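Participant: Have a look at this one before I ask anything.
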Amino acid sequence: MNNTPPPVLVSGPFLKQSPSVSRIMALVMIALTPATLFGLFQFGWPAINLFMVTILAAILSEAACLMVMNRPVRTTLGDGSAVLTGWLLAMTLPPWAPWWIGALGSMFAIVLAKQMFGGLGQNLFNPAMVARVVLLISFPAEMTYFISPHPLIGPDTITFMDGLAITFGYGAPAVDAVSSASVLGYIKTEIGRGVAWTDAFKSALDLQALTIGTKPGSLGETSAPLLLLGGLLLLGTRIITWHIPAALLGAIALLATLFNIIDPARYPDLWVHLLSGATLLGAFFIATDLVTSPVSPLGKIVFGAGCGVLIYIIRTWAGYPEGVAFAVLLMNAATPLIDRYLKPRIYGRTRRGKPLIYEETSK
Amino acid sequence: MGMMKLFRIRGGVHPQGRKSLSAGEAIRDLPLPELLHIPLQQHIGQAAEAVVKKGELVKKGQLIAIAQGRISSPIHAPTSGEIVALGRYVAPHPSALPGRTITLRPDGLDAWAELPAPLDPFTCEPAAIAKRVAECGVVGMGGATFPSAVKLDLGQRYTLHTLIINGAECEPYLTCDDRLMREQAADVIDGVRIISRALGVKRAVIAVEGNKPEAIDALTHAAQGLDDVIIQKVPARYPMGSEKHLTQTLLGKETPARGLTAEIGAIVHNVATALAVRDAVRLGRPLISRIVTVSGEAMHNPGNFRVAIGTPIQHLIDFVGGFKVDPERLLLGGPMMGQPLADLRAPIVKGTNGVLALAGLHAQTSGQQGPCIRCASCVDACPCGLVPLEMAGAIRKENMDMATKSGLMDCIGCGSCAYVCPSNIPLVQYFNYAKGKITQTQRAEHKQKETKRLAEARSERMERIAQAKREAMAKRKAEQARQKAEAVTHEDKVSA
């Protein structure tokens with residue numbers, strides 16, 4: 001047997017826990033899968049097309065950036081972060097949006113929000129949310145074109161060819177696609193007209209549809225139970241901790257309840273807020289983005305609560321019916337500050353960093 | 001078994017134990033090698049100084065090197081034989097640089113020298129115990145190798161209430177303490193009570209991780225009827241064996257930053273140290289051998305051996321039958337905090353608790369280092385409440401001030417952060433680099449300050465001397481002038 005020792009490398013530890021960055025990304029994608037499949041099924045071929053285009057554009061954008069910067073393309077793409085960014089962005093798009101919305105969005109996300117900051121781990125803002133906000137401001141019509149569900153199987157289904165026509169925009173879609181507002185958008189408009197939200201809500205859809213997700217909305221945001229399932233998977237595999245989702249949902253629920261008590265006709269109750277829009281997707285998959293959220297438990301609570309409060313404020317009093325993307329980006333901007341001031345307490349020291357003192361023992 | 005209320009510590013990780021490789025193997029005596037290489041530096045503090053000459057014949061247990069200064073420890077001959085060299089030899093250190101070493105050729109007789117008379121620990125002065133422990137060269141055997149006698153004297157400076165005996169053995173693979181507790185439970189407990197007596201504490205707690213039920217049973221059995229020794233099971237969670245964290249688990253109090261556990265009334269000793277203390281006091285035997293775990297997937301016949309200090313590691317590995325496969329990683333100590341073994345000729349020393357040859361999946365360490373994704377796994381794993389990713393970021397920019405402000409000096413180097421890092425960032429490597437750099441800077445600053453102080457003192461002294469000379473000169477001049485004046489007056493008188 002060879003008795004020359006192997007080369008001396010580094011200080012310990014010489015054991016490693018298995019998770020790698022690509023495994024983390026893969027687990028997040030697995031957690032996203034149920035809600036995604038639901039969305040793709042219920043909005044049909046156009047949604048599938050858009051989903052594919054968005055992810056493909058994310059991969060191509062990442063590859064192009066890496067090549068321009070002379071960085072290893074294969075290993076970096078292999079970490080799966082670009083696919084995940086494209087995926088998350090697609091989840092937040094109107095399912096029948098034209099292909100260039102997805103492609104342009106992915107380019108913004110990867111080039112502008114991620115690689116320009118230095119690549120994985122360096123970006124200050126959540127790339128998918130940057131892209132979404134840029135798209136929303138630049139193309140308000142396309143970004144608010146919601147349709148009622150057209151499941152893959154059923155009387156309202158869209159054929160594959162029609163799906164291509166809708167996504168890629170050649171020829172008029174031979175479909176009777178009724179444009180419809182998202183739940184939050186509808187309620188906001190009705191409240192603006194002076195209609196009590198409960199009345200508006202009744203005519204829009206029932207609570208069951210709101211819960212299950214058979215309602216107009218973004219591609220992957222409609223199914224509350226499946227998003228919750230994915231979130232629990234992330235918690236169970238310790239990819240995320242409870243702090244951000246709990247603080248975010250808690251803050252929204254608290255504010256919604258409070259204002260609902262003050263004026264029940266004007267302010268929707270907590271279920272409307274928790275179950276519609278991007279609340280659940282945001283709480284479990286977007287605000288919890290590892291790179292752009294704080295690192296300490298207390299910091300995460302402040303961050304999550306901040307997101308929740310901002311979401312509620314934007315939905316209730318600002319010009320947009322939905323505010324998850326804006327809220328997350330604003331709190332992203334606050335993350336360095338939160339990280340600086342809300343560190344964990346160091347062992348043997350007070351919160352302010354002074355050594356603990358025990359008077360009684362020294363002689 | 002003890003029923004103390006336990007307290008939760010922050011962070012920590014659960015590495016695979018891999019202890020079953022060697023935990024079932026009873027302790028065996030390793031036959032002596034042809035030559036023993038006994039380093040003079042086997043402890044924290046100043047190296048010992050040899051008191052034997054080349055060619056001298058020594059007996060087992062004879063003093064061969066004496067302690068230097070307060071924090072130091074003497075060294076004794078592990079067997080009888082001839083001193084064949086006093087020189088330099090490969091040290092058990094990752095650098096494999098040579099260190100000052102006494103080389104002894106065993107004569108095969110293993111004949112004992114005349115040992116100091118046994119002490120009765122419960123009638124003698126407590127200070128006599130510490131003195132004996134110092135004479136017998138006992139150091140902390142959990143790996144820190146701090147001279148134990150120094151810690152036995154802390155009762156004079158602090159009000160102590162608890163002796164904690166560290167039987168956690170939280171490092172994966174290692175089973176030497178486990179075997180010791182199983183096989184020599186009564187002696188360990190005797191040693192524990194001797195230490196209690198030296199410190200003047202009423203209560204001793206032997207803390208053992210729950211993954212060693214046999215050891216807990218053996219100790220519990222041996223401690224029956226004793227009301228001053230508590231056997232306490234603690235959760236198996238790395239780094240439970242860190243003395244500050246073990247103390248916190250048992251007492252619920254944190255040791256002040258940069259301070260001693262004595263400040264919260266507790267002293268921590270390792271189980272093997274307790275046994276060494278017992279041998280020193282009851283039998284007058286110095287520390288000349290220790291139990292070493294030989295393990296790892298690449299090792300034939302893993303086991304636990306009583307090894308004479310100074311035995312080359314190669315001898316130990318040959319004895320178990322060498323390597324099954326080429327080891328991917330050779331280590332001294334555990335895989336979390338141990339050090340890479342650079343040269344198999346290096347000797348076993350007082351602090352060597354394990355020799356590991358890792359291979360296959362379990363040696364995986366150096367996956368491609370990726371960028372930090374701020375996942376905060378390191379923050380959650382750190383038992384000291386630090387933000388490792390922030391410290392590493394500062395060190396990467398060579399900003400040592402910022403790293404220090406972030407708490408670098410409060411890092412115990414346990415490696416929990418690097419263990420969980422999904423990007424394979426060698427965080428401990430960063431921290432060790434920075435700690436070394438900071439020490440260097442401090443030393444340079446100290447030297448500069450000292451030089452400046454001496455230079456100033458010198459110029460002040462020179463100035464004083466010059467001043468004194470000037471004064472003397474002035475005085476002499478005045479004297480001369482006076483004399484001259486007197487002479488003139490005298491002349492005047494004469495002429496008058």
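Labels for the structure tokens follow display order: chains A, B, ..., residues from 1 in each chain, ligands from 1.
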With only C-alpha atoms counted and 7 Å as the cut-off, give the residues of chain B in contact with chain A, each with its shortest interatomic distance in Å and the pair that gives it, as CSV.
Facilitator:
```
residue,atom,partner,partner_atom,distance
B:Arg157,CA,A:Lys363,CA,5.2
B:Tyr158,CA,A:Ser362,CA,4.4
B:Thr159,CA,A:Thr361,CA,4.8
B:Glu254,CA,A:Gly348,CA,5.3
B:Thr255,CA,A:Gly348,CA,5.4
B:Pro256,CA,A:Gly348,CA,4.2
B:Ala257,CA,A:Gly348,CA,4.4
B:Glu263,CA,A:Thr361,CA,5.7
B:Ile264,CA,A:Thr361,CA,6.3
B:Gly265,CA,A:Thr361,CA,6.1
B:Phe323,CA,A:Met1,CA,6.6
B:Asp326,CA,A:Asn2,CA,6.6
B:Glu328,CA,A:Pro6,CA,6.1
B:Arg329,CA,A:Pro6,CA,6.3
B:Leu330,CA,A:Pro5,CA,6.7
B:Pro335,CA,A:Phe14,CA,5.0
B:Met336,CA,A:Pro13,CA,4.1
B:Met337,CA,A:Gly12,CA,5.6
B:Gly338,CA,A:Gly12,CA,6.6
B:Gln339,CA,A:Ser11,CA,6.7
B:Pro340,CA,A:Val8,CA,6.0
B:Ala342,CA,A:Val8,CA,6.2
B:Asp343,CA,A:Pro5,CA,6.8
B:His362,CA,A:Leu15,CA,6.5
B:Ala363,CA,A:Leu15,CA,6.3
B:Gln364,CA,A:Leu15,CA,6.5
B:Thr365,CA,A:Phe14,CA,5.7
B:Pro371,CA,A:Gly121,CA,6.4
B:Cys372,CA,A:Gly121,CA,5.6
B:Ile373,CA,A:Gly121,CA,4.2
B:Arg374,CA,A:Val291,CA,5.0
B:Cys375,CA,A:Leu290,CA,4.8
B:Ala376,CA,A:Val295,CA,5.0
B:Val379,CA,A:Ser296,CA,6.7
B:Cys384,CA,A:Tyr347,CA,4.6
B:Gly385,CA,A:Ile346,CA,4.4
B:Leu386,CA,A:Ile346,CA,5.8
B:Gly415,CA,A:Pro13,CA,5.4
B:Ala418,CA,A:Pro13,CA,6.7
B:Tyr419,CA,A:Lys16,CA,4.8
B:Val420,CA,A:Gln17,CA,5.4
B:Pro422,CA,A:Ser20,CA,4.1
B:Ser423,CA,A:Val21,CA,6.1
B:Val428,CA,A:Ser11,CA,6.4
B:Gln429,CA,A:Ser11,CA,5.3
```
Participant: Which residues come within 8 Å of Ala215 of chain B, counting only C-alpha atoms, excluding same-chain residues fewer than 6 positions away, as a list in words?
Facilitator: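 The residues that qualify are Asp178, Arg179, Met181, Arg182, Ala185 and Val208 of chain B.
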Participant: Mind writing the picked residues with C-alpha atoms as a PDB file, in the first residue's frame?
Facilitator:
```
ATOM      1  CA  ASP B 178     -15.902   6.493  25.122  1.00  0.00           C
ATOM      2  CA  ARG B 179     -13.759   3.372  25.638  1.00  0.00           C
ATOM      3  CA  MET B 181     -15.316   5.661  30.320  1.00  0.00           C
ATOM      4  CA  ARG B 182     -16.613   2.172  29.614  1.00  0.00           C
ATOM      5  CA  ALA B 185     -15.251   4.084  34.872  1.00  0.00           C
ATOM      6  CA  VAL B 208     -21.559  12.464  28.123  1.00  0.00           C
TER       7      VAL B 208
END
```
Participant: Considering only C-alpha atoms, return as a PDB file with C-alpha atoms, in the first residue's frame whatever protein or nucleic-acid residues lie within 6 Å of segment 243-248 of chain A, sequence-local ones (same chain, fewer than 6 positions apart) excluded.
Facilitator:
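around.pdb written:
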```
ATOM      1  CA  ALA A 283     -44.161  34.843   1.328  1.00  0.00           C
ATOM      2  CA  PHE A 284     -42.578  31.461   0.638  1.00  0.00           C
ATOM      3  CA  LYS A 300     -35.586  38.117   8.736  1.00  0.00           C
ATOM      4  CA  ILE A 301     -38.546  38.894  10.972  1.00  0.00           C
ATOM      5  CA  GLY A 304     -40.786  39.836   6.439  1.00  0.00           C
ATOM      6  CA  ALA A 305     -42.928  42.180   8.492  1.00  0.00           C
ATOM      7  CA  CYS A 307     -42.739  43.295   3.226  1.00  0.00           C
ATOM      8  CA  GLY A 308     -46.147  42.501   4.684  1.00  0.00           C
TER       9      GLY A 308
END
```
Participant: Quick one: residues within 8 Å of segment 211-220 of chain A, only C-alpha atoms, excluding same-chain residues fewer than 4 positions away - as a ChimeraX atom specification?
Facilitator: /A:35-36,38-40,42-43,47,90-95,146-149,180-183,205,207,224-225,275,277
Participant: Would you export the selected residues with C-alpha atoms as an mmCIF file, in the first residue's frame, please?
Facilitator:
```cif
data_model
loop_
_atom_site.group_PDB
_atom_site.id
_atom_site.type_symbol
_atom_site.label_atom_id
_atom_site.label_comp_id
_atom_site.auth_asym_id
_atom_site.auth_seq_id
_atom_site.Cartn_x
_atom_site.Cartn_y
_atom_site.Cartn_z
ATOM 1 C CA ALA A 35 -48.502 25.170 -8.095
ATOM 2 C CA THR A 36 -46.801 25.491 -11.476
ATOM 3 C CA PHE A 38 -51.788 23.652 -11.645
ATOM 4 C CA GLY A 39 -51.242 27.000 -13.352
ATOM 5 C CA LEU A 40 -50.091 25.429 -16.608
ATOM 6 C CA GLN A 42 -55.653 25.687 -15.876
ATOM 7 C CA PHE A 43 -54.410 28.314 -18.334
ATOM 8 C CA ALA A 47 -49.246 29.422 -20.395
ATOM 9 C CA ALA A 90 -43.024 33.183 -15.285
ATOM 10 C CA MET A 91 -45.109 32.409 -12.206
ATOM 11 C CA THR A 92 -45.906 36.097 -11.805
ATOM 12 C CA LEU A 93 -46.802 36.863 -15.452
ATOM 13 C CA PRO A 94 -50.319 36.970 -16.883
ATOM 14 C CA PRO A 95 -50.588 33.479 -18.385
ATOM 15 C CA PHE A 146 -55.809 38.400 -17.148
ATOM 16 C CA ILE A 147 -58.163 35.736 -18.414
ATOM 17 C CA SER A 148 -60.482 33.308 -16.715
ATOM 18 C CA PRO A 149 -59.231 29.712 -16.567
ATOM 19 C CA SER A 180 -60.921 39.761 -17.065
ATOM 20 C CA ALA A 181 -59.342 41.511 -14.133
ATOM 21 C CA SER A 182 -57.503 39.735 -11.376
ATOM 22 C CA VAL A 183 -59.362 39.424 -8.115
ATOM 23 C CA LEU A 205 -66.361 34.748 -7.665
ATOM 24 C CA LEU A 207 -64.543 31.907 -1.767
ATOM 25 C CA ALA A 224 -53.165 28.852 -2.477
ATOM 26 C CA PRO A 225 -53.119 25.247 -1.182
ATOM 27 C CA LEU A 275 -55.354 33.991 -0.671
ATOM 28 C CA GLY A 277 -52.488 37.990 -5.633
#
```
Participant: Find the nearest atom pair between each residue of segment 102-201 of chain B and segment 216-233 of chain B for residues within 12 Å, count only C-alpha atoms, give distances in Å to one decimal, sort rows by chain and ascending number, and present the table as a Markdown table.
Facilitator:
```
| residue | atom | partner | partner_atom | distance |
| --- | --- | --- | --- | --- |
| B:His161 | CA | B:Asp228 | CA | 11.4 |
| B:Thr162 | CA | B:Asp228 | CA | 10.0 |
| B:Leu163 | CA | B:Val229 | CA | 9.3 |
| B:Ile164 | CA | B:Ile230 | CA | 9.5 |
| B:Ile165 | CA | B:Ile231 | CA | 9.4 |
| B:Asn166 | CA | B:Gln232 | CA | 10.4 |
| B:Gly167 | CA | B:Ile216 | CA | 9.5 |
| B:Ala168 | CA | B:Lys233 | CA | 8.8 |
| B:Asp177 | CA | B:Ile216 | CA | 11.7 |
| B:Asp178 | CA | B:Ile216 | CA | 9.1 |
| B:Arg179 | CA | B:Ala218 | CA | 10.3 |
| B:Leu180 | CA | B:Ala218 | CA | 10.2 |
| B:Met181 | CA | B:Leu219 | CA | 6.7 |
| B:Arg182 | CA | B:Ala218 | CA | 5.4 |
| B:Glu183 | CA | B:Ala218 | CA | 7.9 |
| B:Gln184 | CA | B:Ala218 | CA | 8.6 |
| B:Ala185 | CA | B:Leu219 | CA | 5.2 |
| B:Ala186 | CA | B:Ala222 | CA | 5.2 |
| B:Asp187 | CA | B:Ala222 | CA | 9.0 |
| B:Val188 | CA | B:Leu219 | CA | 8.4 |
| B:Ile189 | CA | B:Ala223 | CA | 6.9 |
| B:Asp190 | CA | B:Ala223 | CA | 9.3 |
| B:Gly191 | CA | B:Val229 | CA | 11.1 |
| B:Val192 | CA | B:Val229 | CA | 8.0 |
| B:Arg193 | CA | B:Val229 | CA | 7.5 |
| B:Ile194 | CA | B:Val229 | CA | 11.3 |
| B:Ile195 | CA | B:Val229 | CA | 11.4 |
| B:Ser196 | CA | B:Asp228 | CA | 8.8 |
| B:Arg197 | CA | B:Asp228 | CA | 10.5 |
| B:Gly200 | CA | B:Asp228 | CA | 11.7 |
| B:Val201 | CA | B:Asp228 | CA | 9.1 |
```
Participant: Taking the backbone alone, and naming residues the way the document does, which bits of segment 188-305 of chain B are alpha helix (DSSP H) by DSSP, as a compact mmCIF listing (two decimals) with N, CA and C atoms, in the first residue's frame?
Facilitator:
```txt
# COMPACT_ATOMS: atom_id res chain seq x y z
N VAL B 188 -11.87 6.68 36.49
CA VAL B 188 -12.24 8.03 36.01
C VAL B 188 -12.94 8.79 37.13
N ILE B 189 -13.88 8.11 37.77
CA ILE B 189 -14.64 8.79 38.83
C ILE B 189 -13.74 9.13 40.02
N ASP B 190 -12.81 8.25 40.31
CA ASP B 190 -11.83 8.55 41.36
C ASP B 190 -11.07 9.83 40.99
N GLY B 191 -10.62 9.89 39.74
CA GLY B 191 -9.90 11.08 39.26
C GLY B 191 -10.75 12.33 39.36
N VAL B 192 -12.01 12.20 39.01
CA VAL B 192 -12.93 13.33 39.08
C VAL B 192 -13.03 13.85 40.51
N ARG B 193 -13.14 12.92 41.46
CA ARG B 193 -13.30 13.35 42.86
C ARG B 193 -12.00 13.97 43.39
N ILE B 194 -10.87 13.49 42.87
CA ILE B 194 -9.59 14.09 43.26
C ILE B 194 -9.53 15.54 42.77
N ILE B 195 -9.97 15.75 41.51
CA ILE B 195 -9.97 17.12 40.99
C ILE B 195 -10.92 18.01 41.79
N SER B 196 -12.10 17.45 42.10
CA SER B 196 -13.06 18.22 42.93
C SER B 196 -12.41 18.68 44.22
N ARG B 197 -11.66 17.77 44.81
CA ARG B 197 -11.01 18.07 46.09
C ARG B 197 -9.96 19.17 45.90
N ALA B 198 -9.19 19.06 44.80
CA ALA B 198 -8.16 20.07 44.55
C ALA B 198 -8.78 21.45 44.36
N LEU B 199 -9.95 21.48 43.71
CA LEU B 199 -10.59 22.76 43.43
C LEU B 199 -11.44 23.24 44.59
N PRO B 213 -24.39 5.34 25.18
CA PRO B 213 -25.15 4.80 26.32
C PRO B 213 -24.33 3.85 27.20
N GLU B 214 -23.41 3.09 26.60
CA GLU B 214 -22.62 2.15 27.40
C GLU B 214 -21.74 2.90 28.39
N ALA B 215 -21.15 3.99 27.92
CA ALA B 215 -20.29 4.78 28.81
C ALA B 215 -21.12 5.38 29.95
N ILE B 216 -22.32 5.86 29.60
CA ILE B 216 -23.18 6.44 30.63
C ILE B 216 -23.54 5.38 31.67
N ASP B 217 -23.87 4.17 31.18
CA ASP B 217 -24.22 3.09 32.10
C ASP B 217 -23.05 2.75 33.02
N ALA B 218 -21.87 2.60 32.42
CA ALA B 218 -20.70 2.22 33.21
C ALA B 218 -20.40 3.26 34.28
N LEU B 219 -20.47 4.54 33.89
CA LEU B 219 -20.18 5.61 34.86
C LEU B 219 -21.25 5.65 35.95
N THR B 220 -22.52 5.52 35.52
CA THR B 220 -23.61 5.57 36.48
C THR B 220 -23.45 4.46 37.52
N HIS B 221 -23.09 3.29 37.02
CA HIS B 221 -22.87 2.16 37.91
C HIS B 221 -21.74 2.46 38.90
N ALA B 222 -20.64 2.99 38.35
CA ALA B 222 -19.47 3.24 39.19
C ALA B 222 -19.70 4.38 40.18
N GLU B 243 -15.75 23.73 25.61
CA GLU B 243 -15.95 23.84 27.05
C GLU B 243 -16.95 24.92 27.43
N LYS B 244 -16.93 26.02 26.67
CA LYS B 244 -17.88 27.09 27.00
C LYS B 244 -19.32 26.67 26.70
N HIS B 245 -19.50 25.86 25.66
CA HIS B 245 -20.85 25.46 25.30
C HIS B 245 -21.36 24.34 26.19
N LEU B 246 -20.45 23.47 26.60
CA LEU B 246 -20.85 22.42 27.54
C LEU B 246 -21.26 23.05 28.87
N THR B 247 -20.48 24.03 29.30
CA THR B 247 -20.81 24.73 30.54
C THR B 247 -22.18 25.39 30.43
N GLN B 248 -22.43 26.00 29.29
CA GLN B 248 -23.73 26.67 29.10
C GLN B 248 -24.87 25.65 29.11
N THR B 249 -24.64 24.51 28.48
CA THR B 249 -25.67 23.47 28.45
C THR B 249 -26.04 23.04 29.87
N LEU B 250 -25.02 22.93 30.72
CA LEU B 250 -25.27 22.41 32.07
C LEU B 250 -25.71 23.49 33.04
N LEU B 251 -25.14 24.69 32.91
CA LEU B 251 -25.41 25.73 33.92
C LEU B 251 -26.32 26.83 33.41
N VAL B 271 -12.26 13.79 30.39
CA VAL B 271 -12.28 12.52 31.14
C VAL B 271 -10.90 11.86 31.18
N ALA B 272 -10.18 11.91 30.07
CA ALA B 272 -8.86 11.28 30.04
C ALA B 272 -7.91 12.03 30.97
N THR B 273 -8.11 13.34 31.09
CA THR B 273 -7.30 14.11 32.02
C THR B 273 -7.59 13.67 33.45
N ALA B 274 -8.87 13.41 33.74
CA ALA B 274 -9.23 12.97 35.08
C ALA B 274 -8.50 11.68 35.42
N LEU B 275 -8.42 10.78 34.45
CA LEU B 275 -7.73 9.52 34.69
C LEU B 275 -6.23 9.76 34.89
N ALA B 276 -5.66 10.66 34.11
CA ALA B 276 -4.23 10.97 34.24
C ALA B 276 -3.95 11.59 35.61
N VAL B 277 -4.87 12.42 36.09
CA VAL B 277 -4.72 13.02 37.41
C VAL B 277 -4.75 11.93 38.48
N ARG B 278 -5.66 11.00 38.30
CA ARG B 278 -5.78 9.91 39.25
C ARG B 278 -4.49 9.08 39.29
```
Participant: Which residue gives the smallest distance to Ser138 of chain A among A:Val195, A:Leu88, A:Leu104, A:Leu227, with only C-alpha atoms counted?
Facilitator: A:Leu104
Participant: In Å, how far is it from atom CA of Arg70 of chain B to atom CA of Gln46 of chain B?
Facilitator: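 Those two atoms sit 8.5 Å apart.
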Participant: What's the 8 Å shell around Ala253 of chain A, counting only C-alpha atoms, without same-chain residues fewer than 2 positions away, as an MDAnalysis selection string?
Facilitator: chainID A and resid 249:251 255:257 270:271 273:274
Participant: What is the atom CA of Ala131 of chain A-atom CA of Ala109 of chain A distance in Å, reported with one decimal?
Facilitator: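 Straight-line distance from atom CA of Ala131 of chain A to atom CA of Ala109 of chain A works out to 4.9 Å.
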Participant: Go through segment 41-197 of chain A and collect every residue that DSSP, computed from the backbone, puts in strand (DSSP E); the answer should be as an MDAnalysis selection string.
Facilitator: chainID A and resid 146:147 179:180
Participant: Since we have the selection now, will you write its residues out, keeping N, CA and C atoms, as an mmCIF file, in the first residue's frame?
Facilitator:
```
data_model
loop_
_atom_site.group_PDB
_atom_site.id
_atom_site.type_symbol
_atom_site.label_atom_id
_atom_site.label_comp_id
_atom_site.auth_asym_id
_atom_site.auth_seq_id
_atom_site.Cartn_x
_atom_site.Cartn_y
_atom_site.Cartn_z
ATOM 1 N N PHE A 146 -55.524 39.684 -17.784
ATOM 2 C CA PHE A 146 -55.809 38.400 -17.148
ATOM 3 C C PHE A 146 -57.011 37.755 -17.802
ATOM 4 N N ILE A 147 -57.021 36.445 -17.830
ATOM 5 C CA ILE A 147 -58.163 35.736 -18.414
ATOM 6 C C ILE A 147 -58.688 34.716 -17.414
ATOM 7 N N SER A 179 -61.300 38.921 -21.668
ATOM 8 C CA SER A 179 -60.354 39.552 -20.743
ATOM 9 C C SER A 179 -61.046 39.797 -19.417
ATOM 10 N N SER A 180 -60.299 39.613 -18.375
ATOM 11 C CA SER A 180 -60.921 39.761 -17.065
ATOM 12 C C SER A 180 -59.866 40.249 -16.090
#
```
Participant: Smallest atom-to-atom distance to Phe51 of chain A: which of A:Thr167, A:Pro34, A:Thr189, A:Pro140, using only C-alpha atoms?
Facilitator: A:Thr167
Participant: Can you pull out every residue within 8 Å of segment 348-359 of chain B, counting only C-alpha atoms, but drop anything in the same chain fewer than 6 positions away, and send it as JSON, numbers by chain?
Facilitator: {"B": [38, 39, 42, 43, 92, 139, 140, 141, 142, 143, 144, 145, 173, 174, 176, 287, 288, 289, 290, 291, 292, 293, 294, 295, 296, 297, 298, 299, 307, 308, 309, 310, 311, 312, 313, 323, 325, 326, 327, 328, 329, 330, 331, 332, 333, 334, 335]}
Participant: Separation of atom CA of Ile187 of chain A and atom CA of Pro98 of chain A, in Å?
Facilitator: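 According to the coordinates, atom CA of Ile187 of chain A and atom CA of Pro98 of chain A are separated by 25.6 Å.
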